[in-house]
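**Q** I'd like to ask some things about the structure below.
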Amino acid sequence: MITRSSVPHLHECTIHLSGVASQKIQPELVISNSKILSTYTDRILNNKEIWISKGRIACIKENGTANKNFNDLKVYDAQNNILAPGLVDPHMHIESSMMTACAYAEAALLNGTTTIFCDS
């Protein structure tokens, strides 16, 4: 299980992640058969796989690349579903929602919001 405190700081794993991205180090997890929503280009990238190592996304490659380069991979099949980055709500007031924080979090997560900055 990955938690906020179990993922190393980026400056501690940058060299490792670049080794994974350049196919010199095997990723810890590959999410294959996915479509990826690119928020930069406003397009969906088809037939991609995501390589994850040290709890971070190391790179995005063409589907099947990992199996050509590595053995004994831990692979999760996304079954051609769309993967998208989580939304960030930069300013909100939970009390205005008339919900508890837990109830608000459940509804927010179901709608794609993964991070909030709230005023009390």
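Here's how to read the names in the structure tokens: chain A, B, ... by the order shown, residue numbers from 1 in each chain, ligand numbers from 1 in the order shown.
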If we count only C-alpha atoms, what is near Val20 (chain A) at a cut-off of 12 Å, once residues fewer than 5 positions away on the same chain are taken out, given as a PyMOL selection string?

**A** chain A and resi 13-15+25-30+50-54+56-61+66+69-70

**Q** Keeping only C-alpha atoms, take the residues you just selected and write them out as a PDB file, in the first residue's frame.

**A**
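Full text of out_17.pdb as output:
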ATOM      1  CA  CYS A  13      14.473   9.251  -6.722  1.00  0.00           C
ATOM      2  CA  THR A  14      14.983  11.374  -9.856  1.00  0.00           C
ATOM      3  CA  ILE A  15      18.005   9.382 -11.035  1.00  0.00           C
ATOM      4  CA  ILE A  25      15.726  -0.247 -14.691  1.00  0.00           C
ATOM      5  CA  GLN A  26      12.606  -2.419 -14.493  1.00  0.00           C
ATOM      6  CA  PRO A  27       9.471  -0.602 -13.272  1.00  0.00           C
ATOM      7  CA  GLU A  28       7.739  -1.882 -10.139  1.00  0.00           C
ATOM      8  CA  LEU A  29       4.295  -1.739 -11.775  1.00  0.00           C
ATOM      9  CA  VAL A  30       2.986  -1.351 -15.309  1.00  0.00           C
ATOM     10  CA  ILE A  50       2.247   3.715 -17.562  1.00  0.00           C
ATOM     11  CA  TRP A  51       5.436   2.660 -15.806  1.00  0.00           C
ATOM     12  CA  ILE A  52       5.448   3.244 -12.049  1.00  0.00           C
ATOM     13  CA  SER A  53       8.397   3.019  -9.694  1.00  0.00           C
ATOM     14  CA  LYS A  54       8.939   4.249  -6.133  1.00  0.00           C
ATOM     15  CA  ARG A  56       5.664   7.735  -8.926  1.00  0.00           C
ATOM     16  CA  ILE A  57       4.903   7.704 -12.633  1.00  0.00           C
ATOM     17  CA  ALA A  58       8.244   7.220 -14.361  1.00  0.00           C
ATOM     18  CA  CYS A  59       7.024   7.372 -17.962  1.00  0.00           C
ATOM     19  CA  ILE A  60       4.298   6.619 -20.472  1.00  0.00           C
ATOM     20  CA  LYS A  61       5.175   4.192 -23.255  1.00  0.00           C
ATOM     21  CA  ALA A  66       7.555  -3.322 -20.978  1.00  0.00           C
ATOM     22  CA  ASN A  69      12.204  -5.352 -22.356  1.00  0.00           C
ATOM     23  CA  PHE A  70      11.587  -7.022 -18.979  1.00  0.00           C
TER      24      PHE A  70
END

**Q** Excluding region 97-106 of chain A and any residue of its chain fewer than 3 positions from it, enumerate the residues within 12 Å of it, using only C-alpha atoms, and give them as a VMD selection string.

**A** chain A and resid 89 92 to 94 109 to 120

**Q** Include all heavy atoms and write out the residues we just selected as a compact mmCIF listing (two decimals), in the first residue's frame.

**A**
# COMPACT_ATOMS: atom_id res chain seq x y z
N ASP A 89 -9.03 21.14 -6.14
CA ASP A 89 -9.91 22.26 -5.80
C ASP A 89 -9.09 23.21 -4.92
O ASP A 89 -8.84 22.91 -3.75
CB ASP A 89 -11.15 21.76 -5.06
CG ASP A 89 -12.20 22.84 -4.86
OD1 ASP A 89 -11.87 24.03 -5.01
OD2 ASP A 89 -13.35 22.49 -4.55
N MET A 92 -11.95 25.99 -1.11
CA MET A 92 -13.33 25.58 -0.84
C MET A 92 -13.59 25.64 0.66
O MET A 92 -12.67 25.70 1.46
CB MET A 92 -13.62 24.21 -1.43
CG MET A 92 -12.78 23.06 -0.93
SD MET A 92 -13.36 22.28 0.56
CE MET A 92 -15.02 21.92 0.14
N HIS A 93 -14.85 25.63 1.02
CA HIS A 93 -15.30 25.67 2.41
C HIS A 93 -16.21 24.47 2.64
O HIS A 93 -17.32 24.42 2.11
CB HIS A 93 -16.06 26.96 2.70
CG HIS A 93 -15.24 28.19 2.53
ND1 HIS A 93 -14.62 28.81 3.58
CD2 HIS A 93 -14.90 28.91 1.43
CE1 HIS A 93 -13.95 29.86 3.14
NE2 HIS A 93 -14.11 29.94 1.84
N ILE A 94 -15.73 23.49 3.40
CA ILE A 94 -16.52 22.30 3.66
C ILE A 94 -17.83 22.65 4.35
O ILE A 94 -18.88 22.09 4.04
CB ILE A 94 -15.73 21.26 4.47
CG1 ILE A 94 -14.63 20.67 3.60
CG2 ILE A 94 -16.64 20.16 5.00
CD1 ILE A 94 -13.75 19.67 4.30
N LEU A 109 -14.29 12.55 -4.35
CA LEU A 109 -13.49 11.50 -5.00
C LEU A 109 -14.25 10.82 -6.11
O LEU A 109 -13.68 10.51 -7.17
CB LEU A 109 -13.03 10.47 -3.96
CG LEU A 109 -11.87 10.92 -3.08
CD1 LEU A 109 -11.70 9.96 -1.92
CD2 LEU A 109 -10.59 11.04 -3.88
N LEU A 110 -15.53 10.57 -5.90
CA LEU A 110 -16.33 9.92 -6.95
C LEU A 110 -16.44 10.78 -8.20
O LEU A 110 -16.72 10.28 -9.29
CB LEU A 110 -17.73 9.60 -6.41
CG LEU A 110 -17.79 8.47 -5.39
CD1 LEU A 110 -19.20 8.38 -4.80
CD2 LEU A 110 -17.38 7.15 -6.02
N ASN A 111 -16.22 12.08 -8.06
CA ASN A 111 -16.30 12.99 -9.20
C ASN A 111 -14.93 13.45 -9.69
O ASN A 111 -14.84 14.40 -10.47
CB ASN A 111 -17.18 14.19 -8.85
CG ASN A 111 -18.64 13.78 -8.78
OD1 ASN A 111 -19.26 13.53 -9.80
ND2 ASN A 111 -19.17 13.67 -7.58
N GLY A 112 -13.85 12.80 -9.22
CA GLY A 112 -12.52 13.06 -9.78
C GLY A 112 -11.66 14.04 -9.02
O GLY A 112 -10.52 14.28 -9.40
N THR A 113 -12.15 14.63 -7.93
CA THR A 113 -11.33 15.56 -7.15
C THR A 113 -10.50 14.75 -6.15
O THR A 113 -11.05 14.04 -5.31
CB THR A 113 -12.21 16.58 -6.39
OG1 THR A 113 -12.97 17.31 -7.37
CG2 THR A 113 -11.37 17.56 -5.61
N THR A 114 -9.19 14.86 -6.25
CA THR A 114 -8.31 14.11 -5.38
C THR A 114 -7.63 14.97 -4.32
O THR A 114 -7.08 14.45 -3.37
CB THR A 114 -7.22 13.40 -6.19
OG1 THR A 114 -6.47 14.38 -6.91
CG2 THR A 114 -7.82 12.39 -7.16
N THR A 115 -7.67 16.29 -4.49
CA THR A 115 -7.01 17.20 -3.57
C THR A 115 -7.87 18.43 -3.35
O THR A 115 -8.41 18.97 -4.31
CB THR A 115 -5.64 17.65 -4.13
OG1 THR A 115 -4.88 16.49 -4.48
CG2 THR A 115 -4.87 18.49 -3.13
N ILE A 116 -7.97 18.86 -2.07
CA ILE A 116 -8.67 20.10 -1.79
C ILE A 116 -7.83 20.95 -0.83
O ILE A 116 -7.04 20.43 -0.04
CB ILE A 116 -10.08 19.90 -1.17
CG1 ILE A 116 -9.98 19.19 0.17
CG2 ILE A 116 -11.00 19.15 -2.11
CD1 ILE A 116 -11.28 19.17 0.95
N PHE A 117 -7.98 22.25 -0.95
CA PHE A 117 -7.42 23.20 0.00
C PHE A 117 -8.63 23.90 0.59
O PHE A 117 -9.33 24.62 -0.10
CB PHE A 117 -6.50 24.20 -0.69
CG PHE A 117 -5.27 23.55 -1.29
CD1 PHE A 117 -5.29 23.13 -2.61
CD2 PHE A 117 -4.14 23.36 -0.53
CE1 PHE A 117 -4.18 22.52 -3.18
CE2 PHE A 117 -3.02 22.75 -1.09
CZ PHE A 117 -3.04 22.34 -2.41
N CYS A 118 -8.89 23.64 1.89
CA CYS A 118 -10.12 24.17 2.45
C CYS A 118 -9.84 25.17 3.56
O CYS A 118 -8.88 25.05 4.29
CB CYS A 118 -11.00 23.04 2.96
SG CYS A 118 -10.28 22.03 4.24
N ASP A 119 -10.71 26.17 3.62
CA ASP A 119 -10.73 27.11 4.72
C ASP A 119 -11.70 26.58 5.75
O ASP A 119 -12.74 26.02 5.41
CB ASP A 119 -11.21 28.49 4.26
CG ASP A 119 -10.09 29.30 3.65
OD1 ASP A 119 -8.92 28.95 3.90
OD2 ASP A 119 -10.38 30.26 2.92
N SER A 120 -11.34 26.74 7.01
CA SER A 120 -12.25 26.26 8.05
C SER A 120 -13.28 27.31 8.40
O SER A 120 -13.18 28.44 8.09
CB SER A 120 -11.45 25.88 9.27
OG SER A 120 -10.63 26.94 9.68

**Q** So which one's closest to Leu87 (chain A), A:Met1, A:Leu45, A:Ala108, A:Gly64? Using only C-alpha atoms, please.

**A**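 The answer is A:Ala108, which sits nearest to Leu87 (chain A).
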